[in-house]
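Enquirer: protein28.cif is reproduced below (mmCIF, C-alpha atoms and all ligand atoms).
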data_start
loop_
_atom_site.label_atom_id
_atom_site.label_comp_id
_atom_site.auth_asym_id
_atom_site.auth_seq_id
_atom_site.Cartn_x
_atom_site.Cartn_y
_atom_site.Cartn_z
CA MET A 1 96.15 -41.99 -161.79
CA LYS A 2 99.48 -40.26 -161.75
CA TYR A 3 99.23 -39.52 -165.39
CA PHE A 4 97.09 -36.61 -166.36
CA LEU A 5 98.76 -36.14 -169.60
CA ARG A 6 100.91 -39.01 -170.58
CA LEU A 7 102.23 -37.74 -173.86
CA ILE A 8 103.15 -34.31 -172.64
CA SER A 9 104.65 -35.52 -169.41
CA VAL A 10 106.72 -38.08 -171.28
CA ALA A 11 107.83 -35.41 -173.70
CA LEU A 12 108.80 -33.06 -170.90
CA VAL A 13 110.35 -35.53 -168.55
CA LEU A 14 112.12 -37.80 -170.94
CA ALA A 15 112.49 -35.81 -174.03
CA LEU A 16 112.91 -32.17 -173.17
CA PRO A 17 116.68 -32.23 -173.64
CA LEU A 18 116.07 -33.80 -177.03
CA ARG A 19 113.40 -31.39 -178.06
CA PHE A 20 115.60 -29.16 -180.11
CA ALA A 21 117.79 -32.00 -181.29
CA THR A 22 114.74 -33.58 -182.84
CA ALA A 23 113.48 -30.47 -184.54
CA GLY A 24 111.67 -31.49 -187.65
CA GLY A 25 110.21 -34.50 -185.98
CA ALA A 26 111.64 -37.78 -184.92
CA GLN A 27 110.43 -40.82 -183.16
CA ALA A 28 111.77 -41.86 -179.82
CA GLY A 29 111.21 -44.62 -177.34
CA ASN A 30 108.54 -47.09 -178.31
CA GLY A 31 107.40 -45.03 -181.22
CA THR A 32 104.37 -43.51 -179.58
CA ASP A 33 106.16 -40.31 -178.69
CA TYR A 34 106.42 -38.39 -181.88
CA LEU A 35 108.59 -35.47 -180.93
CA THR A 36 108.30 -32.20 -182.74
CA PRO A 37 109.56 -28.77 -181.67
CA ASP A 38 106.07 -27.78 -180.66
CA GLU A 39 105.52 -30.74 -178.34
CA GLY A 40 104.22 -29.43 -175.03
CA ALA A 41 103.60 -25.97 -176.46
CA SER A 42 100.31 -24.09 -176.29
CA TRP A 43 97.65 -25.43 -178.64
CA PHE A 44 96.35 -21.91 -179.15
CA LEU A 45 98.13 -18.65 -179.96
CA GLY A 46 96.87 -15.20 -180.90
CA LEU A 47 95.49 -12.44 -178.75
CA ASP A 48 92.24 -11.82 -180.60
CA ARG A 49 91.26 -15.38 -181.27
CA THR A 50 88.49 -17.29 -179.54
CA ILE A 51 88.87 -20.87 -178.39
CA LYS A 52 85.78 -22.83 -179.41
CA VAL A 53 85.03 -25.30 -176.65
CA CYS A 54 82.40 -28.02 -176.57
CA TYR A 55 81.51 -30.54 -173.94
CA GLU A 56 79.58 -33.75 -173.58
CA SER A 57 78.89 -35.75 -170.48
CA ALA A 58 78.05 -39.39 -169.89
CA PRO A 59 75.02 -40.23 -167.70
CA HIS A 60 77.30 -42.02 -165.22
CA PHE A 61 79.77 -39.11 -164.98
CA GLY A 62 78.48 -37.92 -161.63
CA THR A 63 75.80 -35.85 -160.03
CA LEU A 64 76.75 -32.55 -161.64
CA SER A 65 74.15 -31.18 -164.01
CA SER A 66 74.93 -29.84 -167.43
CA THR A 67 74.65 -26.32 -166.02
CA ASP A 68 77.15 -27.21 -163.29
CA LEU A 69 79.58 -28.64 -165.82
CA GLU A 70 79.33 -25.60 -168.03
CA SER A 71 79.95 -23.30 -165.09
CA VAL A 72 83.04 -25.31 -164.10
CA ILE A 73 84.41 -24.92 -167.64
CA THR A 74 83.65 -21.20 -167.57
CA GLN A 75 85.32 -20.84 -164.20
CA ALA A 76 88.44 -22.75 -165.28
CA PHE A 77 88.85 -20.55 -168.35
CA SER A 78 88.25 -17.37 -166.40
CA SER A 79 90.83 -18.49 -163.89
CA TRP A 80 93.40 -18.74 -166.69
CA LYS A 81 92.25 -15.44 -168.17
CA ASN A 82 92.70 -13.69 -164.83
CA TYR A 83 96.07 -15.31 -164.39
CA ILE A 84 97.34 -14.41 -167.86
CA ASP A 85 96.06 -10.84 -167.46
CA SER A 86 97.21 -10.24 -163.91
CA LYS A 87 100.67 -11.72 -164.44
CA GLY A 88 101.13 -9.89 -167.72
CA ILE A 89 101.96 -13.14 -169.52
CA ASN A 90 101.04 -11.75 -172.92
CA SER A 91 102.92 -8.50 -172.52
CA THR A 92 105.94 -10.43 -171.28
CA SER A 93 105.93 -12.74 -174.29
CA GLN A 94 105.49 -9.82 -176.64
CA THR A 95 108.28 -7.87 -175.00
CA LEU A 96 110.53 -10.80 -175.72
CA LEU A 97 109.25 -11.73 -179.16
CA GLY A 98 107.49 -8.74 -180.70
CA PRO A 99 103.83 -7.78 -180.86
CA GLU A 100 102.58 -10.06 -183.62
CA LYS A 101 104.35 -13.05 -182.27
CA ILE A 102 103.20 -14.94 -179.29
CA ALA A 103 100.15 -14.32 -177.14
CA PHE A 104 97.79 -16.67 -175.35
CA PRO A 105 94.10 -16.21 -176.17
CA THR A 106 91.84 -15.81 -173.18
CA ARG A 107 88.48 -15.71 -174.94
CA SER A 108 86.43 -18.87 -175.19
CA GLU A 109 82.94 -19.83 -176.25
CA ILE A 110 81.21 -22.96 -175.06
CA HIS A 111 78.99 -25.25 -177.13
CA GLN A 112 76.80 -27.88 -175.55
CA THR A 113 77.49 -30.64 -178.06
CA CYS A 114 80.58 -31.58 -180.00
CA ASN A 115 80.60 -32.05 -183.75
CA GLY A 116 84.36 -32.52 -183.93
CA SER A 117 85.14 -29.13 -185.43
CA GLU A 118 85.73 -27.41 -182.09
CA ASP A 119 89.20 -26.41 -180.92
CA LEU A 120 88.82 -28.07 -177.56
CA ARG A 121 86.46 -30.96 -176.93
CA ILE A 122 85.82 -31.82 -173.30
CA TYR A 123 84.46 -35.28 -172.62
CA PHE A 124 83.13 -35.85 -169.11
CA GLY A 125 83.24 -39.63 -169.01
CA VAL A 126 82.27 -39.98 -172.67
CA LYS A 127 84.43 -42.56 -174.42
CA LYS A 128 84.49 -41.15 -177.90
CA PRO A 129 86.63 -43.13 -180.38
CA GLU A 130 89.44 -40.56 -179.99
CA VAL A 131 89.33 -41.15 -176.24
CA SER A 132 89.17 -44.96 -176.33
CA LYS A 133 92.17 -45.05 -178.65
CA LEU A 134 94.33 -43.52 -175.92
CA LEU A 135 92.65 -44.55 -172.71
CA ASP A 136 94.30 -47.97 -172.65
CA GLU A 137 97.71 -46.36 -172.58
CA PHE A 138 97.00 -44.68 -169.27
CA ASN A 139 96.85 -46.19 -165.84
CA SER A 140 93.37 -45.17 -164.66
CA PRO A 141 93.74 -41.45 -165.20
CA PHE A 142 91.58 -38.83 -163.48
CA ALA A 143 91.89 -36.89 -166.70
CA PHE A 144 94.18 -36.26 -169.62
CA ALA A 145 94.58 -33.76 -172.41
CA GLN A 146 95.56 -34.75 -175.92
CA ARG A 147 96.34 -32.41 -178.75
CA THR A 148 95.28 -33.96 -182.03
CA ASN A 149 96.40 -31.31 -184.48
CA TYR A 150 98.68 -28.26 -184.59
CA ASP A 151 99.51 -25.85 -187.37
CA ALA A 152 102.73 -24.09 -186.39
CA LYS A 153 102.35 -21.56 -189.22
CA VAL A 154 99.25 -20.04 -187.69
CA GLY A 155 99.78 -21.12 -184.09
CA TRP A 156 96.50 -22.97 -183.77
CA GLY A 157 95.60 -26.53 -183.01
CA SER A 158 92.89 -28.68 -181.55
CA GLY A 159 92.46 -31.57 -179.20
CA PHE A 160 90.45 -32.93 -176.36
CA ILE A 161 90.31 -33.38 -172.62
CA TYR A 162 88.89 -36.54 -171.14
CA VAL A 163 87.73 -36.58 -167.52
CA ALA A 164 87.01 -39.92 -165.84
CA PRO A 165 83.56 -40.49 -164.33
CA GLN A 166 82.87 -40.58 -160.61
CA GLY A 167 84.45 -43.63 -158.98
CA ALA A 168 86.22 -44.83 -162.15
CA VAL A 169 89.76 -44.59 -160.78
CA ASP A 170 89.19 -46.26 -157.44
CA PRO A 171 85.62 -47.54 -156.98
CA ALA A 172 86.29 -48.64 -153.39
CA GLN A 173 87.16 -45.10 -152.35
CA SER A 174 84.78 -43.55 -154.85
CA LEU A 175 87.56 -41.71 -156.64
CA PRO A 176 87.34 -39.37 -158.31
CA ASN A 177 84.62 -37.76 -156.29
CA TRP A 178 83.35 -34.87 -158.34
CA SER A 179 80.89 -33.80 -155.66
CA THR A 180 83.77 -32.57 -153.47
CA PRO A 181 83.82 -28.81 -154.00
CA ASN A 182 86.28 -27.52 -156.57
CA THR A 183 87.72 -30.97 -157.32
CA LEU A 184 86.53 -30.99 -160.90
CA LEU A 185 87.48 -27.34 -161.23
CA ALA A 186 91.08 -28.06 -160.17
CA ILE A 187 91.43 -31.07 -162.46
CA LEU A 188 89.96 -29.22 -165.42
CA THR A 189 92.07 -26.13 -164.73
CA HIS A 190 95.11 -28.43 -164.74
CA GLU A 191 94.23 -29.95 -168.09
CA ILE A 192 93.43 -26.57 -169.66
CA GLY A 193 96.83 -25.47 -168.33
CA HIS A 194 98.41 -28.11 -170.56
CA THR A 195 96.55 -26.67 -173.55
CA TYR A 196 98.22 -23.33 -172.70
CA GLY A 197 101.63 -24.98 -172.86
CA CYS A 198 102.16 -25.40 -169.13
CA GLY A 199 104.18 -28.35 -167.92
CA HIS A 200 104.03 -29.81 -164.44
CA VAL A 201 105.00 -27.54 -161.56
CA ALA A 202 104.80 -28.85 -158.00
CA GLY A 203 102.87 -26.75 -155.51
CA THR A 204 100.55 -25.27 -158.15
CA VAL A 205 97.41 -26.44 -159.94
CA MET A 206 99.87 -27.89 -162.48
CA ASP A 207 101.26 -30.27 -159.85
CA ALA A 208 101.95 -33.66 -161.45
CA ASN A 209 100.34 -35.31 -158.44
CA LEU A 210 97.37 -33.00 -158.15
CA ALA A 211 94.95 -35.93 -157.87
CA GLN A 212 96.74 -37.20 -154.75
CA LYS A 213 96.98 -33.70 -153.28
CA LEU A 214 93.33 -32.71 -153.62
CA GLY A 215 92.87 -33.02 -149.87
CA TYR A 216 96.12 -31.27 -149.02
CA PHE A 217 95.31 -28.39 -151.37
CA SER A 218 91.61 -28.47 -150.50
CA ASN A 219 90.94 -24.85 -149.63
CA ARG A 220 92.90 -23.49 -152.57
CA LEU A 221 91.65 -25.72 -155.38
CA ASP A 222 90.20 -22.72 -157.18
CA GLN A 223 93.67 -21.16 -157.45
CA ILE A 224 96.40 -21.60 -160.03
CA ASP A 225 99.12 -20.61 -157.55
CA ILE A 226 98.40 -22.90 -154.61
CA HIS A 227 101.54 -23.00 -152.46
CA ARG A 228 103.74 -21.35 -154.97
CA SER A 229 103.64 -19.25 -158.12
CA LEU A 230 103.29 -21.04 -161.42
CA TRP A 231 105.03 -18.02 -162.85
CA ALA A 232 106.53 -15.59 -160.40
CA GLY A 233 106.04 -12.57 -162.62
CA LEU A 234 108.02 -9.41 -162.80
CA LYS A 235 106.77 -7.88 -159.57
CA ILE A 236 106.74 -8.90 -155.96
CA ALA A 237 103.30 -10.38 -155.76
CA ALA A 238 102.34 -10.46 -152.12
CA LYS A 239 103.10 -9.27 -148.67
CA TYR A 240 105.58 -11.37 -146.78
CA ASN A 241 106.25 -11.29 -143.08
CA GLY A 242 109.70 -12.37 -142.19
CA THR A 243 112.78 -11.83 -140.16
CA LEU A 244 115.32 -9.08 -140.53
CA ILE A 245 118.62 -10.89 -140.30
CA SER A 246 121.19 -8.90 -138.38
CA ASP A 247 124.17 -11.15 -137.84
CA ALA A 248 126.56 -8.69 -139.45
CA GLY A 249 125.18 -5.29 -138.60
CA GLN A 250 122.43 -5.33 -141.24
CA PHE A 251 119.98 -3.42 -139.03
CA GLU A 252 122.56 -0.70 -138.37
CA THR A 253 123.45 -0.50 -142.08
CA LEU A 254 119.81 -0.05 -143.01
CA MET A 255 118.48 2.14 -140.19
CA GLY A 256 121.69 4.03 -139.34
CA ARG A 257 121.28 3.23 -135.65
CA ALA A 258 121.13 0.31 -133.25
CA PRO A 259 117.86 -1.60 -132.75
CA SER A 260 115.71 -1.07 -129.68
CA GLY A 261 113.48 -3.92 -128.60
CA PRO A 262 112.05 -6.54 -130.93
CA VAL A 263 112.47 -5.96 -134.66
CA HIS A 264 109.68 -6.63 -137.14
CA ALA A 265 110.07 -6.67 -140.90
CA ASP A 266 107.89 -7.34 -143.93
CA LEU A 267 108.09 -7.05 -147.69
CA SER A 268 105.05 -5.75 -149.49
CA GLU A 269 103.71 -5.93 -153.01
CA ASN A 270 104.74 -2.34 -153.63
CA SER A 271 108.36 -3.37 -153.36
CA LEU A 272 108.67 -1.87 -149.93
CA LEU A 273 110.72 -3.25 -147.12
CA THR A 274 109.29 -2.08 -143.80
CA VAL A 275 111.37 -2.36 -140.66
CA SER A 276 110.17 -1.40 -137.23
CA ASP A 277 111.27 -1.56 -133.62
CA ASP A 278 110.42 0.31 -130.41
CA LEU A 279 111.75 3.57 -131.84
CA GLY A 280 109.55 3.55 -134.93
CA SER A 281 108.97 2.18 -138.37
CA THR A 282 110.83 2.98 -141.60
CA LYS A 283 109.83 2.10 -145.15
CA PHE A 284 112.51 1.39 -147.71
CA PRO A 285 111.32 1.47 -151.33
CA MET A 286 113.19 -0.94 -153.54
CA THR A 287 113.64 -0.56 -157.27
CA PHE A 288 114.16 -3.53 -159.50
CA ASP A 289 115.47 -3.47 -162.99
CA THR A 290 113.37 -5.99 -164.90
CA ASN A 291 116.24 -6.52 -167.31
CA MET A 292 118.38 -7.63 -164.42
CA ARG A 293 116.43 -10.74 -163.84
CA ALA A 294 117.74 -14.25 -163.68
CA VAL A 295 115.65 -17.35 -163.56
CA GLY A 296 116.71 -20.58 -161.98
CA ALA A 297 116.57 -23.75 -163.96
CA GLY A 298 114.97 -26.96 -162.85
CA ASP A 299 111.25 -26.87 -163.38
CA ASN A 300 109.19 -27.30 -166.49
CA LEU A 301 108.29 -24.55 -168.86
CA VAL A 302 105.02 -22.73 -168.38
CA PHE A 303 103.22 -20.88 -171.14
CA SER A 304 105.45 -22.41 -173.73
CA ALA A 305 104.71 -21.68 -177.33
CA TYR A 306 106.01 -22.54 -180.74
CA LEU A 307 105.33 -20.64 -183.90
CA ASN A 308 106.98 -21.08 -187.27
CA ASN A 309 105.69 -18.53 -189.72
CA GLY A 310 108.96 -18.30 -191.62
CA SER A 311 111.19 -17.77 -188.63
CA PRO A 312 110.68 -20.30 -185.86
CA ALA A 313 109.95 -18.73 -182.48
CA HIS A 314 110.06 -20.63 -179.22
CA PHE A 315 108.83 -19.04 -176.07
CA GLY A 316 108.49 -20.35 -172.57
CA LEU A 317 108.67 -19.03 -169.05
CA ARG A 318 110.34 -20.92 -166.27
CA SER A 319 108.35 -21.41 -163.15
CA ASN A 320 111.25 -21.92 -160.83
CA ALA A 321 113.19 -19.54 -158.64
CA VAL A 322 113.29 -15.96 -159.79
CA VAL A 323 115.98 -13.52 -158.87
CA TYR A 324 115.74 -9.78 -159.32
CA TYR A 325 118.52 -7.27 -158.94
CA GLY A 326 117.89 -3.74 -157.86
CA SER A 327 118.69 -1.14 -155.27
CA LEU A 328 117.52 0.26 -151.97
CA LYS A 329 118.41 3.50 -150.19
CA THR A 330 119.31 3.25 -146.50
CA ALA A 331 118.13 5.70 -143.83
CA LYS A 332 121.44 7.53 -144.25
CA GLY A 333 121.12 7.74 -148.03
CA GLN A 334 123.54 5.00 -148.95
CA ILE A 335 122.52 3.00 -152.04
CA LEU A 336 122.68 -0.75 -151.51
CA ASN A 337 122.67 -3.15 -154.43
CA ILE A 338 120.11 -5.79 -153.61
CA MET A 339 119.08 -9.19 -154.82
CA TYR A 340 115.57 -10.54 -154.31
CA GLU A 341 114.95 -14.28 -154.61
CA SER A 342 111.57 -15.95 -154.59
CA ASN A 343 109.61 -19.04 -155.48
CA THR A 344 112.39 -21.43 -154.66
CA ALA A 345 111.68 -25.04 -153.83
CA GLN A 346 113.69 -26.99 -151.33
CA THR A 347 113.45 -30.40 -149.76
CA VAL A 348 112.71 -30.04 -146.06
CA GLY A 349 112.48 -33.30 -144.18
CA SER A 350 110.43 -35.67 -146.27
CA GLY A 351 108.57 -32.99 -148.22
CA VAL A 352 109.15 -30.10 -150.54
CA LYS A 353 108.54 -26.61 -149.22
CA TYR A 354 108.14 -23.44 -151.23
CA GLY A 355 109.75 -20.17 -150.43
CA PRO A 356 111.29 -18.48 -148.70
CA VAL A 357 111.59 -15.02 -150.12
CA THR A 358 115.07 -13.79 -149.45
CA LEU A 359 116.40 -10.28 -149.81
CA LYS A 360 120.15 -9.82 -149.84
CA TYR A 361 122.42 -6.88 -150.30
CA PHE A 362 125.95 -6.75 -151.49
CA ASP A 363 128.43 -5.72 -148.83
CA GLN A 364 131.54 -4.94 -150.89
CA GLY A 365 130.62 -7.75 -153.25
CA THR A 366 129.58 -10.23 -150.58
CA PRO A 367 125.86 -11.03 -150.56
CA ARG A 368 124.42 -10.71 -147.06
CA VAL A 369 120.93 -11.91 -146.17
CA LEU A 370 118.88 -8.94 -145.02
CA PHE A 371 115.37 -10.35 -144.86
CA GLN A 372 113.93 -13.83 -145.08
CA THR A 373 110.44 -15.27 -144.89
CA GLN A 374 109.56 -18.53 -143.22
CA TRP A 375 109.01 -21.69 -145.21
CA ASN A 376 105.35 -22.05 -145.97
ZN ZN B 401 99.28 -32.93 -166.11
#
Is it possible to express this structure as structure tokens?

Expert:
Amino acid sequence: MKYFLRLISVALVLALPLRFATAGGAQAGNGTDYLTPDEGASWFLGLDRTIKVCYESAPHFGTLSSTDLESVITQAFSSWKNYIDSKGINSTSQTLLGPEKIAFPTRSEIHQTCNGSEDLRIYFGVKKPEVSKLLDEFNSPFAFAQRTNYDAKVGWGSGFIYVAPQGAVDPAQSLPNWSTPNTLLAILTHEIGHTYGCGHVAGTVMDANLAQKLGYFSNRLDQIDIHRSLWAGLKIAAKYNGTLISDAGQFETLMGRAPSGPVHADLSENSLLTVSDDLGSTKFPMTFDTNMRAVGAGDNLVFSAYLNNGSPAHFGLRSNAVVYYGSLKTAKGQILNIMYESNTAQTVGSGVKYGPVTLKYFDQGTPRVLFQTQWN
């Protein structure tokens, strides 16, 4: 049940460093992992294209009606559409690769039976031959996604998602339990995420252990970003309460005076740092140069794509820590060079925590922490 997507996770975990070394295709391991440069990449590319989706469900799948299942599929796709639109994924990829290159389609149409010609076939407990062929290789999966075809010249492929019926993974505990709200939605959103070229990212709907974390994530199962951003984007995405650190005169540097009483600080989505104490509140707009952006390594690629229409193009965003460089003007008009870090993961005790957001400024070249959120 750990394996939602055996082939892709094997490719990413074991074979990512080899991916480019095996360009052109090579076999590795036991021969089942046929590695090509597009392994793990989006099955579908092209802004104006429509993904043809069909679904079939087995009578023993669960209590959800056909209408329910169709609405879960619709919701999962609209969740990705909203995410791709709101994060500017397509404009980001096109900024990097040019307008006709790489974009992720967000339009889909749903058919109520599968004739095999659809781009994405979703089988709710239906063991079609293409499912049975692979099912034995998994250890009681909740679900998995398998691409069966990909044409890198046009950036279009096809494949299927299989979702296990109610109770099939662990009959004693009745797992999976598709009647728990948003459980099927989260699992399906995860699998569709693989079709968009997203690897596993802890703390998001793409968490490798999503099935075990359904309870832990329970009130955010309809989200792609659960405890953390799958892709942090180019803007500060939320409002963060935190602490203004003032171990080296940071408050005085910023406000041009000494603090009076307790200090409160927050960072908002409009790139504003707000600092207040008993004497009042001051807003400090921050500007970030999107070209001055560094991304930490460590996590899997999200929205990865491969196109080879004469000149091979690889594209992928990293989900891990994002650092922006920019500037901020103090109350006295001094320009501080700042560094904003977010979406970092760190082991705290026995678990992994996400955050904090940290804002630093450079004090004659030395980065000093100015603001920091709590671990969440
Ligand atoms: Zn997965």

Enquirer: Just want the 10 Å neighbourhood of A:Gly157, counted on all atoms listed in the file, with same-chain residues fewer than 4 positions away dropped. Output as a VMD selection string.

Expert: chain A and resid 42 to 45 51 118 to 120 147 to 152 195

Enquirer: Write out as a list in words each polymer residue whose atoms come within 9 Å of A:Pro259, counting only C-alpha atoms; drop sequence neighbours fewer than 5 positions from it.

Expert: Phe251, Glu252, Ser276, Asp277, Asp278 and Leu279 of chain A

Enquirer: Counting only C-alpha atoms and all ligand atoms, which residue out of A:Val72, A:Ala103, A:Met206, A:Val169 sits closest to ligand ZN 401 (chain B)?

Expert: A:Met206

Enquirer: Provide the atom CA of A:Ala313 to atom CA of A:Phe288 distance in Å, to one decimal place.

Expert: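 According to the coordinates, atom CA of A:Ala313 and atom CA of A:Phe288 are separated by 27.9 Å.
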
Enquirer: Of the residues A:Gly88, A:Gly242, A:Gly167, A:Gly155, which is the one nearest to A:His264, using only C-alpha atoms?

Expert: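 With only C-alpha atoms as the atom set, the closest residue is A:Gly242.
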
Enquirer: Can you list, as a PyMOL selection string, every protein, DNA or RNA residue that comes within 10 Å of A:Ser117 when you count all atoms listed in the file, leaving out same-chain residues fewer than 2 positions away?

Expert: chain A and resi 52-54+114-115+119-121+158-159

Enquirer: Take the residues from that selection and put them in a file with C-alpha atoms, as a PDB file, in the frame of the given file.

Expert:
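Contents of the output file out.pdb:
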ATOM      1  CA  LYS A  52      85.780 -22.830-179.410  1.00  0.00           C
ATOM      2  CA  VAL A  53      85.030 -25.300-176.650  1.00  0.00           C
ATOM      3  CA  CYS A  54      82.400 -28.020-176.570  1.00  0.00           C
ATOM      4  CA  CYS A 114      80.580 -31.580-180.000  1.00  0.00           C
ATOM      5  CA  ASN A 115      80.600 -32.050-183.750  1.00  0.00           C
ATOM      6  CA  ASP A 119      89.200 -26.410-180.920  1.00  0.00           C
ATOM      7  CA  LEU A 120      88.820 -28.070-177.560  1.00  0.00           C
ATOM      8  CA  ARG A 121      86.460 -30.960-176.930  1.00  0.00           C
ATOM      9  CA  SER A 158      92.890 -28.680-181.550  1.00  0.00           C
ATOM     10  CA  GLY A 159      92.460 -31.570-179.200  1.00  0.00           C
TER      11      GLY A 159
END

Enquirer: How big is the axis-aligned box, and where does its centre sit, when it encloses all atoms of stretch 88-100 of chain A listed in the file and has 5 Å added on every side, reported in Å to one decimal as lines of an AutoDock Vina configuration file?

Expert:
center_x = 105.8
center_y = -10.5
center_z = -175.7
size_x = 19.5
size_y = 15.4
size_z = 25.9

Enquirer: With distances taken over all atoms listed in the file, which residue among A:Thr189, A:Thr373, A:Ser304, A:Ser327 lies nearest A:Ser93?

Expert: A:Ser304
